[in-house]
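For reference, input_7.tsv (TSV, C-alpha atoms):
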chain	number	residue	atom	x	y	z
A	6	MET	CA	0.53	-30.70	13.49
A	7	THR	CA	0.53	-33.32	10.79
A	8	THR	CA	2.09	-32.84	7.36
A	9	GLY	CA	-1.33	-32.40	5.76
A	10	LEU	CA	-2.28	-29.61	8.14
A	11	TRP	CA	1.02	-27.82	7.56
A	12	GLU	CA	0.39	-28.03	3.82
A	13	LEU	CA	-3.00	-26.41	4.40
A	14	VAL	CA	-1.34	-23.56	6.31
A	15	LEU	CA	1.32	-23.09	3.62
A	16	LYS	CA	-1.36	-22.93	0.95
A	17	GLY	CA	-3.05	-20.23	3.01
A	18	VAL	CA	0.25	-18.32	3.21
A	19	TRP	CA	0.58	-18.50	-0.58
A	20	VAL	CA	-2.95	-17.20	-1.09
A	21	THR	CA	-2.27	-14.34	1.34
A	22	VAL	CA	0.95	-13.41	-0.46
A	23	GLN	CA	-0.81	-13.45	-3.85
A	24	LEU	CA	-3.61	-11.27	-2.53
A	25	LEU	CA	-1.13	-8.90	-0.90
A	26	VAL	CA	0.94	-8.46	-4.07
A	27	LEU	CA	-2.02	-8.02	-6.40
A	28	SER	CA	-3.92	-5.62	-4.16
A	29	ALA	CA	-0.71	-3.66	-3.44
A	30	LEU	CA	-0.08	-3.23	-7.18
A	31	LEU	CA	-3.64	-2.06	-7.75
A	32	GLY	CA	-3.51	0.17	-4.69
A	33	ALA	CA	-0.22	1.74	-5.83
A	34	ALA	CA	-1.66	2.50	-9.27
A	35	VAL	CA	-4.77	4.02	-7.72
A	36	SER	CA	-2.67	6.00	-5.23
A	37	PHE	CA	-0.57	7.70	-7.88
A	38	VAL	CA	-3.40	8.33	-10.34
A	39	VAL	CA	-5.78	9.77	-7.73
A	40	GLY	CA	-3.03	11.52	-5.74
A	41	ILE	CA	-1.70	13.29	-8.83
A	42	ALA	CA	-5.25	14.11	-9.91
A	43	ARG	CA	-5.79	15.86	-6.58
A	44	THR	CA	-3.06	18.33	-7.53
A	45	HIS	CA	-4.45	18.94	-11.03
A	46	ARG	CA	-5.07	22.50	-12.16
A	47	LEU	CA	-8.65	21.71	-13.22
A	48	ARG	CA	-11.17	21.93	-10.38
A	49	VAL	CA	-13.41	19.18	-11.76
A	50	VAL	CA	-10.51	16.71	-11.78
A	51	ARG	CA	-9.61	17.63	-8.20
A	52	PHE	CA	-13.25	17.26	-7.17
A	53	LEU	CA	-13.65	13.81	-8.70
A	54	ALA	CA	-10.39	12.60	-7.17
A	55	GLY	CA	-11.35	14.02	-3.78
A	56	PHE	CA	-14.81	12.47	-3.99
A	57	TYR	CA	-13.32	9.04	-4.67
A	58	THR	CA	-10.90	9.43	-1.77
A	59	GLU	CA	-13.58	10.45	0.71
A	60	VAL	CA	-15.95	7.65	-0.34
A	61	PHE	CA	-13.43	4.84	-0.04
A	62	ARG	CA	-11.78	6.21	3.09
A	63	GLY	CA	-15.13	6.67	4.77
A	64	THR	CA	-16.53	3.19	4.11
A	65	SER	CA	-15.66	-0.14	5.68
A	66	ALA	CA	-13.25	-2.37	3.77
A	67	LEU	CA	-15.24	-5.40	4.94
A	68	VAL	CA	-18.52	-4.00	3.62
A	69	MET	CA	-16.80	-3.05	0.36
A	70	LEU	CA	-15.50	-6.60	0.07
A	71	PHE	CA	-18.98	-8.05	0.57
A	72	TRP	CA	-20.41	-5.53	-1.88
A	73	VAL	CA	-17.92	-6.52	-4.59
A	74	PHE	CA	-18.35	-10.25	-4.01
A	75	PHE	CA	-22.09	-10.51	-3.31
A	76	VAL	CA	-23.80	-7.37	-4.66
A	77	MET	CA	-21.99	-6.84	-7.97
A	78	PRO	CA	-23.04	-10.26	-9.36
A	79	VAL	CA	-26.68	-9.36	-8.77
A	80	ALA	CA	-26.37	-5.78	-10.01
A	81	LEU	CA	-24.10	-6.36	-13.02
A	82	GLY	CA	-24.68	-10.01	-13.81
A	83	TRP	CA	-21.09	-11.22	-13.54
A	84	GLN	CA	-19.18	-12.87	-10.72
A	85	LEU	CA	-15.56	-12.33	-9.70
A	86	VAL	CA	-13.57	-15.20	-8.25
A	87	PRO	CA	-12.69	-14.60	-4.57
A	88	LEU	CA	-9.06	-13.68	-5.31
A	89	TRP	CA	-10.00	-10.94	-7.78
A	90	ALA	CA	-12.88	-9.73	-5.64
A	91	GLY	CA	-10.53	-9.35	-2.70
A	92	THR	CA	-7.90	-7.66	-4.87
A	93	LEU	CA	-10.42	-5.15	-6.23
A	94	ALA	CA	-11.96	-4.29	-2.85
A	95	LEU	CA	-8.68	-4.00	-0.95
A	96	GLY	CA	-6.82	-2.26	-3.78
A	97	LEU	CA	-9.47	0.42	-4.20
A	98	THR	CA	-9.87	0.94	-0.45
A	99	TYR	CA	-6.20	1.17	0.47
A	100	GLY	CA	-5.47	3.08	-2.73
A	101	ALA	CA	-7.65	5.87	-1.36
A	102	TYR	CA	-5.41	6.12	1.69
A	103	GLY	CA	-2.31	5.98	-0.50
A	104	SER	CA	-3.57	8.83	-2.67
A	105	GLU	CA	-3.32	11.16	0.32
A	106	ILE	CA	0.30	10.08	0.81
A	107	VAL	CA	1.06	10.94	-2.83
A	108	ARG	CA	-0.78	14.26	-2.67
A	109	GLY	CA	0.97	15.26	0.54
A	110	ALA	CA	4.42	14.33	-0.75
A	111	LEU	CA	3.91	16.30	-3.97
A	112	ALA	CA	2.66	19.31	-2.02
A	113	ALA	CA	5.74	19.13	0.24
A	114	VAL	CA	8.19	19.66	-2.64
A	115	ASP	CA	9.81	23.08	-2.45
A	116	PRO	CA	7.75	25.56	-4.54
A	117	ALA	CA	11.01	26.88	-5.98
A	118	GLN	CA	11.43	23.55	-7.76
A	119	ARG	CA	8.10	24.03	-9.52
A	120	GLU	CA	8.99	27.60	-10.42
A	121	GLY	CA	12.31	26.43	-11.81
A	122	GLY	CA	10.50	23.97	-14.08
A	123	ILE	CA	8.19	26.73	-15.29
A	124	ALA	CA	11.18	28.98	-15.93
A	125	LEU	CA	12.71	26.23	-18.07
A	126	SER	CA	9.46	26.01	-20.07
A	127	PHE	CA	8.75	22.44	-18.95
A	128	THR	CA	5.26	21.13	-19.59
A	129	PRO	CA	3.20	20.05	-16.54
A	130	TRP	CA	3.98	16.40	-17.34
A	131	GLN	CA	7.71	17.13	-17.61
A	132	ARG	CA	7.69	19.00	-14.31
A	133	LEU	CA	5.91	16.08	-12.67
A	134	ARG	CA	8.14	13.40	-14.17
A	135	LEU	CA	11.52	15.14	-13.99
A	136	ILE	CA	11.24	17.38	-10.92
A	137	LEU	CA	8.39	16.57	-8.56
A	138	LEU	CA	8.16	12.77	-8.50
A	139	PRO	CA	11.92	12.10	-8.13
A	140	GLN	CA	11.90	14.25	-4.98
A	141	ALA	CA	8.51	13.20	-3.64
A	142	VAL	CA	8.69	9.42	-4.09
A	143	PRO	CA	11.48	8.84	-1.50
A	144	GLU	CA	9.38	10.71	1.06
A	145	MET	CA	6.39	8.47	0.29
A	146	ILE	CA	8.20	5.23	1.17
A	147	PRO	CA	7.88	5.32	5.01
A	148	PRO	CA	4.10	5.97	5.03
A	149	PHE	CA	3.65	3.51	2.15
A	150	SER	CA	5.53	0.94	4.24
A	151	ASN	CA	3.04	1.39	7.08
A	152	LEU	CA	0.14	1.21	4.64
A	153	LEU	CA	1.52	-2.02	3.15
A	154	VAL	CA	1.64	-3.62	6.58
A	155	GLU	CA	-1.94	-2.50	7.20
A	156	LEU	CA	-2.89	-4.04	3.85
A	157	LEU	CA	-1.26	-7.31	4.90
A	158	LYS	CA	-3.42	-7.39	8.01
A	159	GLY	CA	-6.45	-6.37	5.96
A	160	THR	CA	-6.09	-9.45	3.76
A	161	ALA	CA	-7.50	-11.50	6.65
A	162	LEU	CA	-10.92	-10.01	5.86
A	163	VAL	CA	-11.25	-12.27	2.81
A	164	SER	CA	-11.50	-15.30	5.11
A	165	LEU	CA	-15.05	-14.14	5.94
A	166	MET	CA	-16.16	-14.92	2.40
A	167	GLY	CA	-14.60	-18.39	2.47
A	168	MET	CA	-11.32	-17.63	0.69
A	169	GLY	CA	-8.53	-19.97	1.78
A	170	ASP	CA	-6.02	-17.41	2.99
A	171	LEU	CA	-3.80	-17.73	6.06
A	172	ALA	CA	-6.52	-16.72	8.53
A	173	PHE	CA	-9.05	-19.11	6.98
A	174	SER	CA	-6.57	-22.00	6.88
A	175	GLY	CA	-5.53	-21.35	10.46
A	176	ASN	CA	-9.15	-21.52	11.58
A	177	LEU	CA	-9.64	-24.86	9.79
A	178	VAL	CA	-6.57	-26.27	11.54
A	179	ARG	CA	-7.86	-24.96	14.86
A	180	LEU	CA	-11.17	-26.73	14.35
A	181	ALA	CA	-9.37	-29.94	13.43
A	182	LEU	CA	-7.02	-29.94	16.42
A	183	GLN	CA	-9.09	-27.99	18.96
A	184	GLU	CA	-5.94	-26.07	19.90
A	185	SER	CA	-6.65	-22.37	19.67
A	186	ALA	CA	-3.62	-20.93	21.48
A	187	GLU	CA	-1.00	-22.91	19.57
A	188	ILE	CA	-2.53	-22.46	16.13
A	189	TYR	CA	-3.17	-18.73	16.44
A	190	ALA	CA	0.32	-18.27	17.85
A	191	TYR	CA	1.67	-19.79	14.62
A	192	VAL	CA	-0.62	-17.57	12.54
A	193	LEU	CA	0.48	-14.43	14.39
A	194	LEU	CA	4.13	-15.40	13.94
A	195	ILE	CA	3.68	-15.89	10.19
A	196	TYR	CA	2.00	-12.50	9.83
A	197	PHE	CA	4.81	-10.92	11.84
A	198	VAL	CA	7.52	-12.49	9.67
A	199	ILE	CA	5.85	-11.30	6.46
A	200	ALA	CA	5.39	-7.79	7.89
A	201	PHE	CA	9.02	-7.70	9.06
A	202	LEU	CA	10.28	-8.66	5.60
A	203	LEU	CA	8.06	-6.02	4.00
A	204	THR	CA	9.34	-3.34	6.37
A	205	ARG	CA	12.98	-4.21	5.79
A	206	GLY	CA	12.49	-4.28	2.03
A	207	MET	CA	10.78	-0.88	2.01
A	208	ARG	CA	13.54	0.57	4.19
A	209	GLY	CA	16.15	-0.61	1.72
A	210	LEU	CA	14.14	0.86	-1.15
A	211	GLU	CA	13.94	4.19	0.68
A	212	LYS	CA	17.73	4.34	1.07
A	213	ARG	CA	18.30	3.58	-2.61
A	214	LEU	CA	15.80	6.18	-3.80
A	215	LYS	CA	17.16	8.87	-1.49
A	216	ALA	CA	20.70	8.11	-2.63
A	217	ARG	CA	19.66	8.78	-6.23
A	218	VAL	CA	18.47	12.30	-5.39
A	219	GLY	CA	21.40	13.08	-3.10
A	220	LYS	CA	19.55	12.59	0.17
A	221	ALA	CA	20.31	10.42	3.16
A	222	PRO	CA	17.91	8.91	5.69
A	223	ARG	CA	17.24	11.30	8.56
A	224	ARG	CA	18.96	9.10	11.11
A	225	GLU	CA	22.17	9.09	9.09
A	226	ALA	CA	21.91	12.80	8.33
A	227	ALA	CA	21.60	13.61	12.03
A	228	ALA	CA	24.78	11.62	12.75
A	229	ALA	CA	26.82	13.29	10.01
A	230	GLU	CA	29.95	15.18	10.98
A	231	PRO	CA	29.61	18.96	11.23
A	232	VAL	CA	31.07	21.08	8.42
A	233	VAL	CA	34.25	22.91	9.46
A	234	ILE	CA	34.90	26.29	7.83
A	235	GLU	CA	38.43	27.59	8.00
A	236	GLY	CA	38.81	30.73	9.98
A	237	VAL	CA	35.61	30.19	11.98
A	238	ARG	CA	35.89	28.92	15.56
Written as structure tokens, how would this file's structure read?
Amino acid sequence: MTTGLWELVLKGVWVTVQLLVLSALLGAAVSFVVGIARTHRLRVVRFLAGFYTEVFRGTSALVMLFWVFFVMPVALGWQLVPLWAGTLALGLTYGAYGSEIVRGALAAVDPAQREGGIALSFTPWQRLRLILLPQAVPEMIPPFSNLLVELLKGTALVSLMGMGDLAFSGNLVRLALQESAEIYAYVLLIYFVIAFLLTRGMRGLEKRLKARVGKAPRREAAAAEPVVIEGVR
């Protein structure tokens, strides 16, 4: 490829990275807010959070993207630029999946921990902040890592509305060179490299968070030496 075509691909990579970061931040915020709301003591809060989750999990991300970009301007009278439209659609959609990760991790915390917080007269917010989240967040990292990789692949949907991401740029280069196999091989490799870096980064984050709460990754825990008690053979 020529230098100009490589520049086009690199611009597409930059757009994809921006979209990934922004939609991941929005999705993380939605995940924690909705996931925590699903464990709320008030039934109406749990219902609203569950309703949101079911709606966004049960609808197509592509249709949601088109709805945000094409329908909202007609219905509300204002237009989002493609980057923010993609961020909103993907963040809300994948945030619904992430909320189930948060809810499940909070529910998996030992009930005795909750009871201990109640015995110490902690408020619900103090129990959440000081007891539940520090233990639940490390367990969220592996499924969040998978969800982040899925979000990376989902960013390719924005190419269908003409946004110059990696998939869109790769298609333009393909049309210019008439070389489908070579160009899409490069595109696949770039997606793989980004996904690999994300996975490694999340794995490192998991180890650091588990170390803070006195836990070790399961693989390391399984390889730990057995405890020897004197007098027991």
Go through range 135-178 of chain A and flag each residue having an atom no more than 8 Å from range 57-77 of chain A; for those, report the closest pair of atoms plus their distance in Å to one decimal, using all atoms listed in the file, ordered by chain and rising number, as a Markdown table.
| residue | atom | partner | partner_atom | distance |
| --- | --- | --- | --- | --- |
| A:Leu162 | CA | A:Leu67 | CA | 6.4 |
| A:Val163 | CA | A:Leu70 | CA | 7.6 |
| A:Met166 | CA | A:Phe71 | CA | 7.6 |
Near range 108-124 of chain A, within 8 Å and counting all atoms listed in the file, which residues show up once chain neighbours fewer than 3 positions away are dropped, as a PyMOL selection string? chain A and resi 40-41+43-44+104-105+127-128+132+136-138+140-142+144-145
Residue subset to file, keeping C-alpha atoms, as a tab-separated table (two decimals), in the frame of the given file:
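The file below, again-v7.tsv, is the result:
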chain	number	residue	atom	x	y	z
A	40	GLY	CA	-3.03	11.52	-5.74
A	41	ILE	CA	-1.70	13.29	-8.83
A	43	ARG	CA	-5.79	15.86	-6.58
A	44	THR	CA	-3.06	18.33	-7.53
A	104	SER	CA	-3.57	8.83	-2.67
A	105	GLU	CA	-3.32	11.16	0.32
A	127	PHE	CA	8.75	22.44	-18.95
A	128	THR	CA	5.26	21.13	-19.59
A	132	ARG	CA	7.69	19.00	-14.31
A	136	ILE	CA	11.24	17.38	-10.92
A	137	LEU	CA	8.39	16.57	-8.56
A	138	LEU	CA	8.16	12.77	-8.50
A	140	GLN	CA	11.90	14.25	-4.98
A	141	ALA	CA	8.51	13.20	-3.64
A	142	VAL	CA	8.69	9.42	-4.09
A	144	GLU	CA	9.38	10.71	1.06
A	145	MET	CA	6.39	8.47	0.29
Computed interatomic separation between CA of Val18 in chain A and CA of Val35 in chain A (Å):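 So the two atoms, CA of Val18 in chain A and CA of Val35 in chain A, lie 25.4 Å apart.
Near range 185-189 of chain A, within 8 Å and counting all atoms listed in the file, sit A:Gly175, A:Val178, A:Arg179, not including residues fewer than 6 positions from it in the same chain.
You will find CA of Asn176 in chain A at 21.2 Å from CA of Ala90 in chain A.
Distance-wise, CA of Tyr99 in chain A and CA of Leu85 in chain A end up 19.3 Å apart.
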Considering all atoms listed in the file, can you say which of A:Gly9, A:Gly167, A:Pro143, A:Gly96 comes closest to Ser36 in chain A? A:Gly96
Would you mind telling me which residue in A:Val50, A:Leu24, A:Ile146, A:Leu177 lies nearest to Gly91 in chain A when using all atoms listed in the file?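 For Gly91 in chain A, the nearest of the candidates is A:Leu24.
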Excluding range 201-204 of chain A and any residue of its chain fewer than 2 positions from it, enumerate the residues within 8 Å of it, using all atoms listed in the file, and give them as a compact mmCIF listing (two decimals) with C-alpha atoms, in the coordinates of the input.
# COMPACT_ATOMS: atom_id res chain seq x y z
CA SER A 150 5.53 0.94 4.24
CA ASN A 151 3.04 1.39 7.08
CA LEU A 153 1.52 -2.02 3.15
CA VAL A 154 1.64 -3.62 6.58
CA PHE A 197 4.81 -10.92 11.84
CA VAL A 198 7.52 -12.49 9.67
CA ILE A 199 5.85 -11.30 6.46
CA GLY A 206 12.49 -4.28 2.03
CA MET A 207 10.78 -0.88 2.01
CA ARG A 208 13.54 0.57 4.19
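Using only C-alpha atoms, the shortest contact distance between Leu13 in chain A and any of A:Gln84, A:Phe173, A:Arg213, A:Ala190 is found at A:Phe173.
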Return the single residue from A:Val22, A:Gly17, A:Met168, A:Tyr196 that is closest to Pro87 in chain A, with distances computed using only C-alpha atoms.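 That would be A:Met168, the residue with the smallest distance to Pro87 in chain A.
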When you count only C-alpha atoms, which of these residues is closest to Lys158 in chain A: A:Ala216, A:Ala54, A:Leu180, A:Leu95?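 The closest residue to Lys158 in chain A is A:Leu95.
For the choices A:Val192, A:Ala42, A:Leu81, A:Leu97, the atom-to-atom distance to Ala161 in chain A is smallest for A:Val192 when using all atoms listed in the file.
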